[in-house]
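Coordinates from input.txt are shown below (compact mmCIF, C-alpha atoms and all ligand atoms).
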# COMPACT_ATOMS: atom_id res chain seq x y z
CA MET G 1 141.40 247.63 -39.80
CA PRO G 2 137.77 248.88 -39.64
CA THR G 3 134.91 246.36 -39.61
CA ASN G 4 132.52 246.73 -42.53
CA THR G 5 128.86 245.81 -43.13
CA ALA G 6 127.24 245.63 -46.56
CA ALA G 7 123.80 245.06 -48.11
CA TRP G 8 124.71 242.00 -50.22
CA ILE G 9 122.85 240.72 -53.26
CA THR G 10 123.82 237.06 -53.04
CA ALA G 11 122.47 235.86 -56.42
CA LYS G 12 120.59 237.14 -59.50
CA ASN G 13 117.18 238.52 -58.45
CA ALA G 14 117.84 237.94 -54.71
CA ARG G 15 116.64 240.46 -52.11
CA LEU G 16 119.41 242.37 -50.31
CA GLU G 17 120.77 240.98 -47.03
CA ALA G 18 122.84 242.95 -44.51
CA ALA G 19 125.98 241.04 -43.43
CA SER G 20 129.62 241.66 -42.64
CA ALA G 21 131.96 242.51 -45.53
CA PRO G 22 135.72 242.81 -45.88
CA TYR G 23 137.38 246.22 -45.60
CA THR G 24 139.35 246.74 -48.85
CA PRO G 25 142.30 249.18 -48.96
CA PRO G 26 142.61 251.53 -51.97
CA ALA G 27 144.75 250.99 -55.08
CA ASP G 28 147.10 253.85 -56.06
CA ASP G 29 144.37 255.94 -57.80
CA GLN G 30 141.60 255.19 -55.29
CA ILE G 31 140.36 256.38 -51.89
CA VAL G 32 138.26 254.66 -49.24
CA VAL G 33 135.24 256.54 -47.87
CA ARG G 34 133.26 255.90 -44.68
CA ASN G 35 129.76 256.49 -46.04
CA HIS G 36 127.34 258.78 -44.20
CA ALA G 37 124.61 259.01 -46.86
CA VAL G 38 123.98 256.85 -49.92
CA ALA G 39 121.39 257.50 -52.65
CA VAL G 40 119.40 254.89 -54.55
CA ASN G 41 118.87 254.88 -58.34
CA PRO G 42 116.59 253.03 -60.79
CA LEU G 43 119.71 251.15 -61.92
CA ASP G 44 119.87 249.34 -58.54
CA TRP G 45 116.41 247.75 -58.76
CA ILE G 46 116.79 247.24 -62.52
CA ILE G 47 119.89 245.08 -61.89
CA GLN G 48 118.02 243.20 -59.14
CA SER G 49 114.87 242.63 -61.23
CA ALA G 50 116.47 242.12 -64.64
CA GLY G 51 119.72 240.38 -63.75
CA ASN G 52 119.22 238.06 -66.72
CA LEU G 53 119.07 241.04 -69.09
CA ALA G 54 121.14 243.80 -67.51
CA TYR G 55 124.67 243.56 -66.10
CA ARG G 56 124.94 239.84 -66.89
CA TRP G 57 128.66 239.98 -66.14
CA LEU G 58 128.20 240.56 -62.41
CA ASN G 59 129.84 238.05 -60.09
CA TYR G 60 127.58 237.24 -57.12
CA PRO G 61 127.50 237.87 -54.23
CA THR G 62 128.08 241.55 -54.85
CA VAL G 63 127.20 245.01 -53.54
CA LEU G 64 125.06 247.40 -55.60
CA GLY G 65 124.83 251.19 -55.42
CA SER G 66 126.52 254.17 -57.11
CA ASP G 67 126.07 257.33 -54.99
CA VAL G 68 128.08 257.93 -51.83
CA ALA G 69 128.80 260.86 -49.53
CA GLY G 70 131.09 260.45 -46.53
CA GLU G 71 134.53 260.95 -45.03
CA VAL G 72 137.86 259.82 -46.48
CA VAL G 73 139.52 257.17 -44.29
CA GLU G 74 142.41 256.09 -46.55
CA VAL G 75 144.01 257.33 -49.78
CA GLY G 76 146.03 255.51 -52.46
CA GLU G 77 149.71 256.29 -53.03
CA ALA G 78 149.12 258.45 -56.13
CA VAL G 79 146.30 260.53 -54.60
CA THR G 80 147.21 264.16 -53.83
CA ARG G 81 143.78 265.84 -53.97
CA PHE G 82 142.30 264.27 -50.80
CA ARG G 83 143.38 263.66 -47.20
CA VAL G 84 141.98 261.48 -44.43
CA GLY G 85 139.01 263.28 -42.84
CA ASP G 86 137.92 265.18 -46.00
CA ARG G 87 134.17 265.23 -46.71
CA VAL G 88 133.58 263.92 -50.24
CA LEU G 89 130.91 262.72 -52.64
CA GLY G 90 131.71 260.11 -55.26
CA HIS G 91 130.40 257.87 -58.00
CA ALA G 92 130.99 254.22 -57.06
CA VAL G 93 131.61 251.98 -60.10
CA GLY G 94 131.63 248.46 -58.60
CA THR G 95 129.04 247.08 -61.03
CA ASP G 96 131.04 248.08 -64.14
CA LYS G 97 132.32 245.15 -66.19
CA ASP G 98 135.96 246.15 -65.68
CA SER G 99 135.50 246.55 -61.91
CA ASN G 100 132.95 243.85 -61.00
CA SER G 101 133.94 244.40 -57.40
CA PRO G 102 131.78 244.42 -54.25
CA ALA G 103 134.36 246.67 -52.53
CA GLU G 104 133.45 249.43 -55.02
CA GLY G 105 129.65 249.26 -54.43
CA ALA G 106 127.86 252.00 -52.48
CA PHE G 107 125.45 249.95 -50.30
CA GLN G 108 127.90 249.43 -47.42
CA GLN G 109 129.74 251.34 -44.73
CA TYR G 110 133.11 251.59 -46.53
CA THR G 111 133.37 252.10 -50.31
CA VAL G 112 136.45 252.19 -52.53
CA LEU G 113 136.16 255.11 -55.01
CA LEU G 114 138.22 256.24 -57.98
CA GLU G 115 139.90 259.56 -57.13
CA ARG G 116 138.83 261.03 -60.49
CA MET G 117 135.15 260.27 -59.80
CA THR G 118 135.21 262.04 -56.41
CA CYS G 119 134.71 265.66 -55.36
CA PRO G 120 135.01 267.56 -52.05
CA ILE G 121 131.75 268.51 -50.28
CA PRO G 122 131.57 272.17 -49.16
CA ASP G 123 130.75 272.85 -45.48
CA THR G 124 127.38 274.27 -46.57
CA LEU G 125 126.19 270.92 -47.95
CA SER G 126 124.96 268.01 -45.79
CA PHE G 127 125.94 264.42 -46.61
CA GLU G 128 122.27 263.69 -47.47
CA ASP G 129 122.20 266.51 -50.03
CA ALA G 130 125.61 265.62 -51.44
CA ALA G 131 124.64 261.96 -52.02
CA VAL G 132 122.09 262.95 -54.71
CA VAL G 133 124.79 264.33 -57.02
CA PRO G 134 127.16 261.65 -58.41
CA LEU G 135 125.46 259.11 -60.75
CA ALA G 136 122.93 261.59 -62.13
CA THR G 137 125.64 264.18 -62.79
CA SER G 138 127.95 261.59 -64.37
CA THR G 139 125.16 260.32 -66.63
CA ALA G 140 124.18 263.82 -67.73
CA ALA G 141 127.85 264.71 -68.30
CA CYS G 142 128.44 261.59 -70.44
CA GLY G 143 125.52 262.53 -72.69
CA LEU G 144 126.29 266.23 -72.92
CA PHE G 145 130.10 266.39 -73.05
CA GLN G 146 131.61 263.15 -74.34
CA THR G 147 132.80 263.59 -77.91
CA ASP G 148 130.94 260.44 -79.01
CA HIS G 149 127.69 261.96 -77.67
CA LEU G 150 126.76 265.69 -77.91
CA GLY G 151 130.35 266.88 -77.41
CA LEU G 152 129.24 270.20 -75.90
CA ARG G 153 131.58 272.82 -74.50
CA HIS G 154 132.46 272.01 -70.87
CA PRO G 155 130.87 273.90 -67.96
CA ALA G 156 132.90 276.68 -66.35
CA ALA G 157 132.43 279.68 -64.05
CA GLY G 158 131.14 282.62 -66.12
CA ALA G 159 130.90 280.63 -69.36
CA GLU G 160 130.08 282.89 -72.34
CA PRO G 161 126.66 282.15 -73.89
CA THR G 162 126.99 279.91 -76.94
CA GLY G 163 123.75 281.15 -78.48
CA GLN G 164 122.70 277.49 -78.87
CA THR G 165 119.90 275.49 -77.24
CA VAL G 166 119.93 272.00 -75.70
CA LEU G 167 116.77 269.91 -75.32
CA VAL G 168 116.68 268.03 -71.98
CA TRP G 169 113.68 265.68 -72.15
CA GLY G 170 112.82 264.64 -68.58
CA GLY G 171 114.12 267.68 -66.68
CA SER G 172 112.55 266.69 -63.34
CA THR G 173 114.32 263.32 -63.20
CA SER G 174 117.57 263.15 -61.24
CA VAL G 175 119.56 262.93 -64.45
CA GLY G 176 117.55 265.78 -65.99
CA SER G 177 117.95 268.07 -62.96
CA ASN G 178 121.71 267.76 -63.38
CA ALA G 179 121.68 267.91 -67.19
CA ILE G 180 119.86 271.27 -67.06
CA GLN G 181 122.43 272.71 -64.66
CA LEU G 182 125.45 271.37 -66.56
CA ALA G 183 124.20 272.63 -69.93
CA VAL G 184 123.38 276.08 -68.52
CA ALA G 185 126.80 276.25 -66.81
CA ALA G 186 128.39 275.50 -70.18
CA GLY G 187 126.60 278.45 -71.79
CA TYR G 188 123.62 276.79 -73.47
CA GLU G 189 119.94 277.71 -73.28
CA VAL G 190 117.80 274.78 -72.12
CA ILE G 191 114.34 273.68 -73.19
CA THR G 192 112.99 270.86 -71.05
CA THR G 193 109.92 268.77 -70.16
CA ALA G 194 108.28 267.94 -66.81
CA SER G 195 104.88 267.57 -65.16
CA PRO G 196 103.38 270.98 -64.32
CA ARG G 197 103.98 270.39 -60.59
CA ASN G 198 107.73 270.45 -61.38
CA PHE G 199 107.83 273.50 -63.66
CA ASP G 200 109.22 275.67 -60.84
CA HIS G 201 111.81 273.00 -59.99
CA VAL G 202 113.27 272.92 -63.51
CA THR G 203 113.18 276.69 -64.03
CA SER G 204 114.93 277.20 -60.68
CA LEU G 205 117.76 275.03 -62.06
CA GLY G 206 118.10 277.28 -65.12
CA ALA G 207 115.75 275.89 -67.79
CA GLY G 208 114.53 278.72 -70.04
CA GLN G 209 111.33 277.02 -71.21
CA VAL G 210 109.44 273.96 -69.97
CA PHE G 211 106.72 271.85 -71.58
CA ASP G 212 104.36 269.26 -70.08
CA TYR G 213 105.37 265.90 -71.60
CA HIS G 214 101.81 264.57 -71.05
CA SER G 215 100.39 267.07 -73.56
CA PRO G 216 99.36 265.47 -76.89
CA THR G 217 100.92 268.46 -78.68
CA VAL G 218 104.22 268.51 -76.78
CA VAL G 219 106.40 267.47 -79.75
CA ALA G 220 104.82 270.05 -82.08
CA ASP G 221 105.01 272.71 -79.35
CA ILE G 222 108.75 272.15 -78.81
CA ILE G 223 109.40 272.13 -82.58
CA ALA G 224 107.60 275.50 -82.76
CA ALA G 225 109.61 276.86 -79.80
CA LEU G 226 112.87 275.90 -81.55
CA LYS G 227 112.07 277.92 -84.69
CA GLY G 228 114.82 280.49 -85.22
CA ARG G 229 117.16 278.78 -82.72
CA THR G 230 120.18 276.55 -83.24
CA LEU G 231 119.89 273.21 -81.46
CA ALA G 232 123.04 271.66 -79.97
CA GLY G 233 121.27 268.29 -79.69
CA ALA G 234 119.06 266.52 -77.15
CA ILE G 235 119.48 264.33 -74.10
CA ALA G 236 116.52 261.93 -73.79
CA ILE G 237 115.59 260.77 -70.27
CA GLY G 238 112.53 258.59 -69.56
CA THR G 239 111.17 255.51 -71.34
CA THR G 240 109.18 257.40 -74.01
CA SER G 241 111.74 260.13 -74.49
CA ALA G 242 113.95 258.91 -77.35
CA ALA G 243 111.26 258.70 -80.05
CA ALA G 244 109.93 262.15 -79.14
CA CYS G 245 113.44 263.64 -79.19
CA VAL G 246 114.20 262.10 -82.60
CA SER G 247 111.04 263.75 -84.01
CA ILE G 248 112.02 267.13 -82.55
CA VAL G 249 115.72 267.01 -83.47
CA GLY G 250 114.78 265.82 -86.98
CA SER G 251 112.72 269.00 -87.48
CA ALA G 252 115.14 271.50 -85.93
CA THR G 253 118.16 273.39 -87.21
CA GLY G 254 121.50 272.40 -85.70
CA THR G 255 123.09 269.23 -84.35
CA ARG G 256 121.05 266.17 -85.32
CA PHE G 257 121.92 263.96 -82.35
CA VAL G 258 120.08 262.41 -79.39
CA ALA G 259 121.99 261.05 -76.39
CA MET G 260 119.70 258.44 -74.80
CA ALA G 261 119.77 257.77 -71.04
CA SER G 262 116.82 255.37 -70.78
CA PRO G 263 115.89 252.05 -72.37
CA PRO G 264 112.72 252.43 -74.50
CA VAL G 265 110.69 250.06 -72.27
CA SER G 266 110.22 249.83 -68.51
CA PHE G 267 111.68 246.92 -66.52
CA ASP G 268 109.18 247.54 -63.73
CA SER G 269 107.07 244.44 -64.41
CA LEU G 270 110.12 242.22 -63.74
CA ALA G 271 110.19 243.27 -60.09
CA ASP G 272 107.27 240.98 -59.21
CA GLU G 273 108.88 237.61 -58.45
CA GLY G 274 105.70 235.64 -59.25
CA ARG G 275 105.30 237.21 -62.72
CA ARG G 276 108.97 237.51 -63.68
CA ARG G 277 109.16 234.22 -65.65
CA PHE G 278 106.19 235.23 -67.85
CA GLU G 279 107.12 238.90 -68.11
CA LEU G 280 110.75 238.38 -69.17
CA PRO G 281 109.99 237.20 -72.76
CA ARG G 282 107.45 240.03 -73.13
CA VAL G 283 109.93 242.66 -71.97
CA ILE G 284 112.61 241.26 -74.34
CA LEU G 285 110.14 241.37 -77.25
CA ARG G 286 109.06 244.93 -76.42
CA LEU G 287 112.72 245.96 -76.13
CA ILE G 288 113.63 244.51 -79.55
CA THR G 289 110.53 246.02 -81.22
CA ALA G 290 111.06 249.46 -79.67
CA ASN G 291 114.76 249.50 -80.57
CA VAL G 292 114.13 248.50 -84.19
CA ALA G 293 111.37 251.14 -84.51
CA LEU G 294 113.70 253.78 -83.06
CA GLN G 295 116.55 252.85 -85.40
CA VAL G 296 114.25 253.04 -88.43
CA LYS G 297 112.81 256.38 -87.32
CA SER G 298 116.21 257.95 -86.60
CA ARG G 299 117.62 256.79 -89.97
CA LEU G 300 114.62 258.14 -91.86
CA ARG G 301 115.00 261.50 -90.09
CA ARG G 302 118.81 261.45 -90.38
CA VAL G 303 119.25 261.81 -86.61
CA GLY G 304 122.19 260.16 -84.85
CA THR G 305 121.46 258.35 -81.56
CA LYS G 306 123.62 256.73 -78.92
CA ASN G 307 122.87 255.13 -75.56
CA ILE G 308 124.54 256.64 -72.52
CA PHE G 309 126.36 254.39 -70.07
CA GLY G 310 126.76 256.68 -67.06
CA THR G 311 130.24 255.57 -66.00
CA THR G 312 132.12 255.86 -69.31
CA LEU G 313 133.43 259.29 -68.30
CA LYS G 314 135.78 257.55 -65.86
CA ALA G 315 137.96 256.60 -68.86
CA ASN G 316 138.08 260.03 -70.53
CA GLU G 317 138.64 263.74 -69.86
CA VAL G 318 135.01 264.36 -68.80
CA SER G 319 135.54 262.82 -65.33
CA THR G 320 138.24 265.34 -64.36
CA ALA G 321 136.42 268.18 -66.16
CA ILE G 322 133.43 267.56 -63.87
CA TYR G 323 134.72 266.11 -60.57
CA ARG G 324 137.98 268.09 -60.37
CA ASP G 325 137.63 271.26 -62.47
CA PHE G 326 133.93 272.19 -62.23
CA LEU G 327 131.94 270.70 -59.35
CA PRO G 328 134.11 271.59 -56.32
CA ARG G 329 133.94 275.37 -56.85
CA ALA G 330 130.45 275.38 -58.37
CA LEU G 331 129.04 273.53 -55.32
CA ALA G 332 130.98 275.71 -52.85
CA GLU G 333 129.83 278.94 -54.54
CA GLY G 334 126.20 277.77 -54.80
CA ARG G 335 126.32 277.89 -58.62
CA TYR G 336 125.47 274.18 -58.72
CA ILE G 337 122.58 272.87 -56.61
CA ALA G 338 122.35 269.34 -55.23
CA ALA G 339 119.09 268.37 -56.94
CA PRO G 340 116.57 266.89 -56.68
CA LYS G 341 116.13 267.07 -52.88
CA PRO G 342 116.84 263.92 -50.84
CA THR G 343 114.01 261.96 -49.21
CA VAL G 344 115.64 260.00 -46.38
CA VAL G 345 113.86 256.63 -46.03
CA GLY G 346 116.26 254.65 -43.83
CA HIS G 347 119.16 254.82 -41.42
CA GLY G 348 121.32 251.75 -41.83
CA VAL G 349 122.66 249.11 -44.20
CA HIS G 350 119.58 246.93 -43.56
CA ASP G 351 117.35 249.69 -45.10
CA PHE G 352 118.70 249.56 -48.67
CA GLN G 353 116.16 246.99 -49.91
CA HIS G 354 113.30 249.10 -48.55
CA ALA G 355 114.84 252.17 -50.21
CA MET G 356 115.10 250.36 -53.58
CA ASP G 357 111.44 249.29 -53.30
CA ILE G 358 110.40 252.91 -52.69
CA GLN G 359 112.47 254.17 -55.66
CA ARG G 360 110.87 251.55 -57.93
CA LYS G 361 107.34 252.63 -56.97
CA GLY G 362 108.22 256.06 -58.42
CA VAL G 363 109.42 259.45 -57.25
CA SER G 364 108.83 262.94 -58.58
CA ALA G 365 111.75 265.38 -58.45
CA ALA G 366 113.10 263.57 -55.37
CA LYS G 367 116.06 261.27 -54.60
CA VAL G 368 115.72 258.32 -52.21
CA VAL G 369 118.54 258.35 -49.65
CA VAL G 370 119.67 256.12 -46.76
CA THR G 371 121.88 257.54 -44.01
CA LEU G 372 124.51 255.40 -42.28
CA PRO G 373 125.17 256.22 -38.62
N1 LIG W 401 122.20 255.24 -68.94
C1 LIG W 401 122.60 255.42 -67.69
O1 LIG W 401 123.77 255.23 -67.35
C2 LIG W 401 121.60 255.89 -66.68
C3 LIG W 401 122.02 256.38 -65.43
C4 LIG W 401 121.05 256.87 -64.56
C5 LIG W 401 119.71 256.81 -64.92
N2 LIG W 401 119.36 256.29 -66.11
C6 LIG W 401 117.96 256.23 -66.54
O2 LIG W 401 117.49 257.57 -66.63
C7 LIG W 401 116.13 257.62 -66.27
C8 LIG W 401 115.97 258.61 -65.17
O3 LIG W 401 116.62 258.15 -64.00
P1 LIG W 401 116.54 259.07 -62.72
O4 LIG W 401 117.20 258.40 -61.59
O5 LIG W 401 116.96 260.41 -63.10
O6 LIG W 401 114.96 259.00 -62.56
P2 LIG W 401 113.99 259.46 -61.41
O7 LIG W 401 114.52 260.68 -60.74
O8 LIG W 401 113.61 258.29 -60.59
O9 LIG W 401 112.73 259.83 -62.31
C9 LIG W 401 111.57 260.31 -61.74
C10 LIG W 401 111.01 261.35 -62.67
O10 LIG W 401 110.70 260.74 -63.92
C11 LIG W 401 109.87 261.64 -64.59
N3 LIG W 401 109.23 260.91 -65.68
C12 LIG W 401 108.41 259.84 -65.58
N4 LIG W 401 108.05 259.42 -66.82
C13 LIG W 401 108.67 260.22 -67.70
C14 LIG W 401 108.70 260.30 -69.13
N5 LIG W 401 108.01 259.43 -69.88
N6 LIG W 401 109.45 261.26 -69.71
C15 LIG W 401 110.13 262.14 -68.96
N7 LIG W 401 110.15 262.14 -67.60
C16 LIG W 401 109.42 261.17 -66.98
C17 LIG W 401 108.94 262.15 -63.52
O11 LIG W 401 108.68 263.50 -63.82
P3 LIG W 401 107.38 264.27 -63.30
O12 LIG W 401 107.21 263.93 -61.87
O13 LIG W 401 107.73 265.71 -63.56
O14 LIG W 401 106.26 263.76 -64.16
C18 LIG W 401 109.78 262.03 -62.22
O15 LIG W 401 110.17 263.28 -61.71
C19 LIG W 401 115.74 256.19 -65.91
O16 LIG W 401 115.17 255.59 -67.05
C20 LIG W 401 117.05 255.53 -65.56
O17 LIG W 401 117.03 254.15 -65.74
C21 LIG W 401 120.27 255.84 -67.00
Rewrite the coordinates I just gave you, this time as structure tokens.
Amino acid sequence: MPTNTAAWITAKNARLEAASAPYTPPADDQIVVRNHAVAVNPLDWIIQSAGNLAYRWLNYPTVLGSDVAGEVVEVGEAVTRFRVGDRVLGHAVGTDKDSNSPAEGAFQQYTVLLERMTCPIPDTLSFEDAAVVPLATSTAACGLFQTDHLGLRHPAAGAEPTGQTVLVWGGSTSVGSNAIQLAVAAGYEVITTASPRNFDHVTSLGAGQVFDYHSPTVVADIIAALKGRTLAGAIAIGTTSAAACVSIVGSATGTRFVAMASPPVSFDSLADEGRRRFELPRVILRLITANVALQVKSRLRRVGTKNIFGTTLKANEVSTAIYRDFLPRALAEGRYIAAPKPTVVGHGVHDFQHAMDIQRKGVSAAKVVVTLP
């Protein structure tokens, strides 16, 4: 049995510590992957900083992390799609309430993955590039395709144009970079937002029009751009995104719905250990106030809203639509780009804390990645 090492979080708010971990064999519908590259997401440092608010169900010690790329070392009895030695990327779901399992976290050498949340990596794609795909793609897919969110047509090779437009607020984020590509691959036109330095990035992924979200007239400008078009709804990414999207969707013709990826306030101030005790009540108050204001605004404008939880696709048809039916060929044929580009900041399990600290300080159209030798 292989020996395993993990970056453990031993208690709420604790810094990560590299130490040995058990090797866990797969259940029938799972595979085990030897990780070669693992990406870091805001969720990882949010759980670490805001453990009293977010993911309160977690049993500690545990292993964080969602994005893995590596080689299959063992497959469960019911798995027919993968063999030992296959190169795969996958969305690790160890921090979900129904998993709550360190074996299914990404920040270690060996991760147990659900077969339906895993996809082959084409020879043309490095492990570092592949690791940027899973969580951001899953989150975008939940918002765009689940029937309790926007319920859009699924992506497919040569999809006929629908003649409808999707608003992706926050197109240069990881989630946004994947939302643009998924919506375009499903036959929708995309209007998005980004800083001007990332206009080329989002248009290269298929966005038809892009607006600077710092502009004081951005909401009015997007409302004007939507005149004469039919909106299929919006996916709101970024702390200030939901209120802006509700204003736009409320003034447009078409589906009056906003799928929301981000909480309306930042958890950043909770990362400072010295200030956390004082900041926690403030963050809770801001969260309650912002949520109430958003609910009032969306009711007044008759716009439906729903938060996205980026792993819910594992329990419905969207997981297989993406990880089995769409991504493998789209990645192999270059129709789907691993975006944004990886920035490799470490080369071992002991580097995950450093990588989380870098992600928290902020990135722009980039994904923080750690390779595992
Ligand atoms: N609900 C879920 O399950 C789930 C899953 C994953 C992520 N998320 C959330 O989704 C958000 C994005 O995550 P990510 O990993 O994709 O982020 P990320 O790549 O770390 O985001 C960095 C980008 O954020 C953009 N940005 C900063 N402020 C913004 C704003 N107010 N509006 C729009 N864009 C803004 C910046 O764009 P420019 O550089 O162009 O200015 C930058 O490129 C986070 O809030 C994260 O917590 C939620």
Quiz prompt | Polymer residues at most 9 Å from segment 61-67 of chain G, all atoms listed in the file, same-chain spacing of 5 or more positions, as a VMD selection string | solution = chain G and resid 6 to 12 16 37 to 41 43 to 44 47 to 48 89 to 95 100 to 108 131 to 136
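Taking atom CA of Ile237 of chain G and atom CA of Asp212 of chain G as the two end points, the separation is 14.1 Å.
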Quiz prompt | Neighbourhood of ligand LIG 401 (chain W) at 7 Å, counting only C-alpha atoms and all ligand atoms, reported as a PyMOL selection string | solution = chain G and resi 41-43+135-136+139+169-176+193-198+213+237-241+261-263+307-311+359+362-367
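What separates atom CA of Glu74 of chain G from atom CA of Ser99 of chain G is a distance of 19.4 Å.
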Self-check item: Test item: residues at most 8 Å from Val219 of chain G, all atoms listed in the file, excluding those fewer than 4 positions along its chain, as an MDAnalysis selection string
Solution: chainID G and resid 223 244 247:248
Self-check item: segment 281-286 of chain G surroundings by all atoms listed in the file, 10 Å radius, close-in-sequence under 3 positions cut, as a ChimeraX atom specification
Solution: /G:50,53,264-270,276-278,289-292
Quiz item: For the atom pair atom CA of Arg15 of chain G and atom CA of Asp357 of chain G, what is the interatomic distance in Å to one decimal place?
Solution: 10.3 Å
May I have the residues within 10 Å of Pro328 of chain G as a PDB file with C-alpha atoms, in the coordinates of the input, using only C-alpha atoms and disregarding those fewer than 6 positions away in the same chain?
ATOM      1  CA  VAL G  88     133.580 263.920 -50.240  1.00  0.00           C
ATOM      2  CA  THR G 118     135.210 262.040 -56.410  1.00  0.00           C
ATOM      3  CA  CYS G 119     134.710 265.660 -55.360  1.00  0.00           C
ATOM      4  CA  PRO G 120     135.010 267.560 -52.050  1.00  0.00           C
ATOM      5  CA  ILE G 121     131.750 268.510 -50.280  1.00  0.00           C
ATOM      6  CA  PRO G 122     131.570 272.170 -49.160  1.00  0.00           C
ATOM      7  CA  ILE G 322     133.430 267.560 -63.870  1.00  0.00           C
ATOM      8  CA  TYR G 336     125.470 274.180 -58.720  1.00  0.00           C
TER       9      TYR G 336
END
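When the distance limit is 6 Å and all atoms listed in the file are what count, the residues near Ala234 of chain G, minus those fewer than 5 positions from it on the same chain, are Val166, Leu167, Val168 and Val258 of chain G.
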Quiz prompt | Spatial sel., origin (120.6, 267.0, -47.0), limit 12 Å, only C-alpha atoms, listed as JSON, numbers by chain | solution = {"G": [36, 37, 38, 39, 69, 121, 123, 124, 125, 126, 127, 128, 129, 130, 131, 132, 133, 337, 338, 339, 340, 341, 342, 343, 344, 366, 367, 368, 369, 370, 371]}
Quiz item: Which protein, DNA or RNA residues have an atom at most 7 Å from (124.5, 242.7, -43.6), counting only C-alpha atoms? List them as JSON, numbers by chain.
Solution: {"G": [5, 6, 7, 8, 17, 18, 19, 20, 349, 350]}
Same residues, C-alpha atoms, saved as a short mmCIF file (atom, residue, chain, number, x, y, z; two decimals), in the coordinates of the input:
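As a result, part_15.cif now contains:
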data_model
loop_
_atom_site.label_atom_id
_atom_site.label_comp_id
_atom_site.auth_asym_id
_atom_site.auth_seq_id
_atom_site.Cartn_x
_atom_site.Cartn_y
_atom_site.Cartn_z
CA THR G 5 128.86 245.81 -43.13
CA ALA G 6 127.24 245.63 -46.56
CA ALA G 7 123.80 245.06 -48.11
CA TRP G 8 124.71 242.00 -50.22
CA GLU G 17 120.77 240.98 -47.03
CA ALA G 18 122.84 242.95 -44.51
CA ALA G 19 125.98 241.04 -43.43
CA SER G 20 129.62 241.66 -42.64
CA VAL G 349 122.66 249.11 -44.20
CA HIS G 350 119.58 246.93 -43.56
#
Self-check item: Among the residues G:Ile288, G:Ala242, G:Ala271, G:Ala321, the one that comes closest to Val303 of chain G [using only C-alpha atoms]
Solution: G:Ala242
Where atoms are missing, can you supply N, CA and C atoms for segment 54-65 of chain G and output the lot as a PDB file, in the coordinates of the input?
ATOM      1  N   ALA G  54     120.244 242.661 -67.727  1.00  0.00           N
ATOM      2  CA  ALA G  54     121.140 243.800 -67.510  1.00  0.00           C
ATOM      3  C   ALA G  54     122.301 243.388 -66.607  1.00  0.00           C
ATOM      4  N   TYR G  55     123.492 243.823 -66.939  1.00  0.00           N
ATOM      5  CA  TYR G  55     124.670 243.560 -66.100  1.00  0.00           C
ATOM      6  C   TYR G  55     124.872 242.056 -65.890  1.00  0.00           C
ATOM      7  N   ARG G  56     124.816 241.307 -66.990  1.00  0.00           N
ATOM      8  CA  ARG G  56     124.940 239.840 -66.890  1.00  0.00           C
ATOM      9  C   ARG G  56     126.317 239.414 -66.426  1.00  0.00           C
ATOM     10  N   TRP G  57     127.295 240.342 -66.511  1.00  0.00           N
ATOM     11  CA  TRP G  57     128.660 239.980 -66.140  1.00  0.00           C
ATOM     12  C   TRP G  57     128.891 239.928 -64.628  1.00  0.00           C
ATOM     13  N   LEU G  58     127.931 240.415 -63.847  1.00  0.00           N
ATOM     14  CA  LEU G  58     128.200 240.560 -62.410  1.00  0.00           C
ATOM     15  C   LEU G  58     128.492 239.219 -61.734  1.00  0.00           C
ATOM     16  N   ASN G  59     129.556 239.209 -60.930  1.00  0.00           N
ATOM     17  CA  ASN G  59     129.840 238.050 -60.090  1.00  0.00           C
ATOM     18  C   ASN G  59     129.065 238.206 -58.782  1.00  0.00           C
ATOM     19  N   TYR G  60     128.323 237.182 -58.383  1.00  0.00           N
ATOM     20  CA  TYR G  60     127.580 237.240 -57.120  1.00  0.00           C
ATOM     21  C   TYR G  60     128.285 236.365 -56.091  1.00  0.00           C
ATOM     22  N   PRO G  61     128.182 236.716 -54.806  1.00  0.00           N
ATOM     23  CA  PRO G  61     127.500 237.870 -54.230  1.00  0.00           C
ATOM     24  C   PRO G  61     128.230 239.170 -54.537  1.00  0.00           C
ATOM     25  N   THR G  62     127.451 240.249 -54.631  1.00  0.00           N
ATOM     26  CA  THR G  62     128.080 241.550 -54.850  1.00  0.00           C
ATOM     27  C   THR G  62     127.321 242.635 -54.088  1.00  0.00           C
ATOM     28  N   VAL G  63     127.796 243.869 -54.243  1.00  0.00           N
ATOM     29  CA  VAL G  63     127.200 245.010 -53.540  1.00  0.00           C
ATOM     30  C   VAL G  63     126.823 246.050 -54.586  1.00  0.00           C
ATOM     31  N   LEU G  64     125.544 246.418 -54.623  1.00  0.00           N
ATOM     32  CA  LEU G  64     125.060 247.400 -55.600  1.00  0.00           C
ATOM     33  C   LEU G  64     125.267 248.822 -55.081  1.00  0.00           C
ATOM     34  N   GLY G  65     124.830 249.798 -55.871  1.00  0.00           N
ATOM     35  CA  GLY G  65     124.830 251.190 -55.420  1.00  0.00           C
ATOM     36  C   GLY G  65     125.943 252.013 -56.044  1.00  0.00           C
TER      37      GLY G  65
END
